[in-house]
Each structure stands twice: as structure tokens, then as C-alpha cells.
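Quick notes on the structure that follows.
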Amino acid sequence: MKTQTLYISDLDGTLLNRNSVVSPHSIEKINDLLQKGMLFTVATARTPATVVPLLQQLNLNIPVILMNGAVLYDIRRRRYIQTYGFIDNSALRYISLLEKRELVPFVYRIANNKLQVFHKTLTNDKQQEFKQQRENTPYKDFILTTDYSKELHDNPPLFLLVIDRFDKLQTAAAEINRTGKCSIFCYRDIINPEYGNLEIYPKGVSKAATAQQIITHLNPWEVVAFGDNLNDLPLFHIADRRYAPENAMDEIKQQATAIIADNDHDGVARFLYKDYQ
């Protein structure tokens, strides 16, 4: 048994199937390995609002990496261990640039151990769908605002998320890259590639940076990463072995040690069951 191997998996498009759930087969296999001592956690752009219910049947005992590394979260105790958000007013400058391009950001911050998401009037169906799927949970509040600066002046945000047409997001991402020091992830929507997500974090925030804390604490002799999208590349860069499901983007496959079965065929769980035995 590879008791000193740490396995870290992305969720959407990787551990989750096309219905955005962990299949019963994957749950059974991974829990069996966890009981035997496998070191396993997840690194995702998602927040506790969706991660907690998605993973409630997995017996994870290592902190999980959420919001692309902006948060280290104890999923068993439902608490934030560490956050890595903006510490100055630079986020307000990025918000101003986005609004000039008629883009509406979701602005995330934590107050009293709960996630707050500020936004102005939403402008497309993708934004509406995103909100509807995530509101009314005990872990996240969506708050309509008319003035981001009023909400954020005494509590800078963790990060910004924009959901819109991909061409508009690319242009905004390029402009922000030229004018500010931040970490940016801009990628197409899996279901509708004409749309996409633009995520803006403080400089240095990534899945890899927060994963390094877990690695330092556990001191495994090997790190194995699974991912399918561009925001998984930093994690791939610090892993000893890297695996991409068959459905992954070509850029990810090119960086992978090998290709595994796609996310609809329990690729991660099947690989783990063979690799850990």
C-alpha cells in the first residue's frame, strides 16, 4: 500500500460525473481505500455551499482546497481553516474595469464563518442559473447590491467571479493582467463553450499554493494530482505524477503523465483502486 502517497483530485469534470455528483461506485471504492489509510483530498473552484453536500458520503479526513486555493476548509467540522483573500483595495479597481466592460462580478468574502456573495443585477441566464443552484444553503448568502465599494470598504473580498460570453471574458482578463498583480483563471464553460468563467484572485493564490500547506504538513514521499481544466495546471506542476480524464482539455492532457477513464466512467476511483493496492 502506498501509504505515503498523497492523492489530490479536482471535482468538476474529474471526480464528478456529467451530472455533477460522485457516483455510488466511486464513493464505495474511495471510502474503502480511505479506511485502509489512503491520503486523499480534493482541490476545486467550488465553495462549501456545494462541496459539503457533494462530498458528504466520502469519509475525508484531510482538509480540502476550495475556491481555487483561496480557502483551506475542514469539511468534517464545517469550518474555514485558512483564507487567502485580497488585503488592499485592488479588487475594487478590478471591479471597476469589469463594470466598464458591462460585466457583472460575483464578489466573494467571508464574514462570521459564512460566505457572502455580492452582485448587482444579473444580465444573463448563465448567471441566473449559477445563483439558483447555489442559493438557500447554510454556507452561502447571495446579496444584491448597488455599490460594491460600500460593501467591501472594511472587509476586502476573497476573489471575484464573472460568468459571461467567453470572448468578453478573455478581453477583460487581458486588460486586468496588464494593469494589476493578481492570479487569473479564464476558461470556457464545459456545457456551453460560448460562455465561460473569469476568476480573479490575489497574486499567488492557486490550488497548488494551498496544496503545498497540506504537503508540508503530511510530508508524503509522492504527490499525485488529477485534473481536467486550466486551473488545474498549477497543481500539476507540483505533482510527481499527473493524470487527466479522457474528457479533459487538450492542454491538460499534454501535461499529464497518462490519460485515465473519463469522469462518467469513474476514472479517478478506478485508477486509485489499482494504484493504491
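Chain labels follow the order of the C-alpha cells: the first chain is A, the next B, and so on; residue numbering restarts at 1 in every chain, and ligands are counted from 1 in their shown order.
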
Report task. Fewer than 5 positions away in the same chain doesn't count, so skip those; otherwise give me all residues within 10 Å of Gln57 of chain A, counting only C-alpha atoms, as a PyMOL selection string. Result -> chain A and resi 22+24+27-28+31+52

Would you write out those residues with C-alpha atoms, as a short mmCIF file (atom, residue, chain, number, x, y, z; two decimals), in the first residue's frame?
data_model
loop_
_atom_site.label_atom_id
_atom_site.label_comp_id
_atom_site.auth_asym_id
_atom_site.auth_seq_id
_atom_site.Cartn_x
_atom_site.Cartn_y
_atom_site.Cartn_z
CA VAL A 22 -19.72 11.47 -7.18
CA PRO A 24 -22.07 5.44 -5.92
CA ILE A 27 -17.93 6.58 -3.26
CA GLU A 28 -17.71 2.89 -2.40
CA ASN A 31 -14.19 5.04 1.06
CA VAL A 52 -20.26 19.86 1.59
#

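Counting only C-alpha atoms, segment 72-79 of chain A has the following residues at most 8 Å away, ignoring those fewer than 4 positions along the same chain: Val52, Leu60, Asn61, Ile62, Pro63, Val64, Ile65, Leu66, Thr83, Asn113 and Thr210 of chain A.
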
Hey, can you spit out that residue selection with N, CA and C atoms as a PDB file, in the first residue's frame?
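Saved result, again_14.pdb, follows:
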ATOM      1  N   VAL A  52     -19.823  20.623   0.416  1.00  0.00           N
ATOM      2  CA  VAL A  52     -20.261  19.860   1.588  1.00  0.00           C
ATOM      3  C   VAL A  52     -21.315  18.820   1.225  1.00  0.00           C
ATOM      4  N   LEU A  60     -13.696  11.834   4.160  1.00  0.00           N
ATOM      5  CA  LEU A  60     -12.448  12.575   4.036  1.00  0.00           C
ATOM      6  C   LEU A  60     -11.968  13.039   5.406  1.00  0.00           C
ATOM      7  N   ASN A  61     -10.681  12.871   5.675  1.00  0.00           N
ATOM      8  CA  ASN A  61     -10.130  13.315   6.957  1.00  0.00           C
ATOM      9  C   ASN A  61      -8.962  14.272   6.798  1.00  0.00           C
ATOM     10  N   ILE A  62      -8.755  14.766   5.577  1.00  0.00           N
ATOM     11  CA  ILE A  62      -7.739  15.770   5.285  1.00  0.00           C
ATOM     12  C   ILE A  62      -8.478  17.034   4.824  1.00  0.00           C
ATOM     13  N   PRO A  63      -8.021  18.230   5.198  1.00  0.00           N
ATOM     14  CA  PRO A  63      -8.677  19.461   4.720  1.00  0.00           C
ATOM     15  C   PRO A  63      -8.764  19.499   3.199  1.00  0.00           C
ATOM     16  N   VAL A  64      -9.801  20.171   2.706  1.00  0.00           N
ATOM     17  CA  VAL A  64      -9.984  20.292   1.262  1.00  0.00           C
ATOM     18  C   VAL A  64      -9.633  21.705   0.822  1.00  0.00           C
ATOM     19  N   ILE A  65      -9.232  21.814  -0.436  1.00  0.00           N
ATOM     20  CA  ILE A  65      -8.816  23.090  -1.029  1.00  0.00           C
ATOM     21  C   ILE A  65      -9.980  23.612  -1.861  1.00  0.00           C
ATOM     22  N   LEU A  66     -10.523  24.763  -1.479  1.00  0.00           N
ATOM     23  CA  LEU A  66     -11.694  25.300  -2.156  1.00  0.00           C
ATOM     24  C   LEU A  66     -11.382  26.643  -2.805  1.00  0.00           C
ATOM     25  N   THR A  83      -7.802  31.407   5.054  1.00  0.00           N
ATOM     26  CA  THR A  83      -8.268  32.077   3.846  1.00  0.00           C
ATOM     27  C   THR A  83      -7.156  32.949   3.288  1.00  0.00           C
ATOM     28  N   ASN A 113     -17.665  33.373   9.642  1.00  0.00           N
ATOM     29  CA  ASN A 113     -17.533  31.982   9.189  1.00  0.00           C
ATOM     30  C   ASN A 113     -18.578  31.597   8.136  1.00  0.00           C
ATOM     31  N   THR A 210      -2.023  26.382  -1.971  1.00  0.00           N
ATOM     32  CA  THR A 210      -2.680  25.906  -0.759  1.00  0.00           C
ATOM     33  C   THR A 210      -2.421  24.416  -0.553  1.00  0.00           C
TER      34      THR A 210
END

Report summary line: re atom CA of His217 of chain A and atom CA of Asn68 of chain A: distance 19.4 Å

Report task. Identify, on the basis of only C-alpha atoms, every residue whose closest approach to Leu272 of chain A does not exceed 9 Å; exclude the query and any residue fewer than 3 positions from it along the same chain; express the result as a ChimeraX atom specification. Result -> /A:7,29-30,33,267-269,275-277

Query - Within 7 Å of Leu161 of chain A using only C-alpha atoms, minus same-chain residues under 5 positions, as a PyMOL selection string - result: chain A and resi 105-107+197-200

Query - For Asp12 of chain A: contacts at 10 Å, only C-alpha atoms, fewer than 2 positions along chain excluded, given as JSON, numbers by chain - result: {"A": [9, 10, 14, 15, 16, 17, 18, 19, 20, 21, 22, 44, 45, 46, 190, 227, 228, 229, 263]}

Query raised in the report: How would you write, as an MDAnalysis selection string, the set of residues in segment 49-118 of chain A that DSSP gives as helix (DSSP H, G or I)?
Result: chainID A and resid 49:54 67:69 90:100

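Of the residues in segment 20-70 of chain A, those that DSSP places in strand (DSSP E) on the basis of the backbone are Leu39, Phe40, Thr41, Val42, Val64, Ile65 and Leu66 of chain A.
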
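Take the candidates A:Gln133, A:Thr257, A:Gln56, A:Ser90 and check each one against Pro202 of chain A using only C-alpha atoms; the shortest distance goes to A:Ser90.
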
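Residues with any atom within 8 Å of Asp164 of chain A, counting only C-alpha atoms and excluding same-chain neighbours fewer than 6 positions away, are Leu103, Asn124, Lys126, Gln127, Tyr195, Gly196 and Asn197 of chain A.
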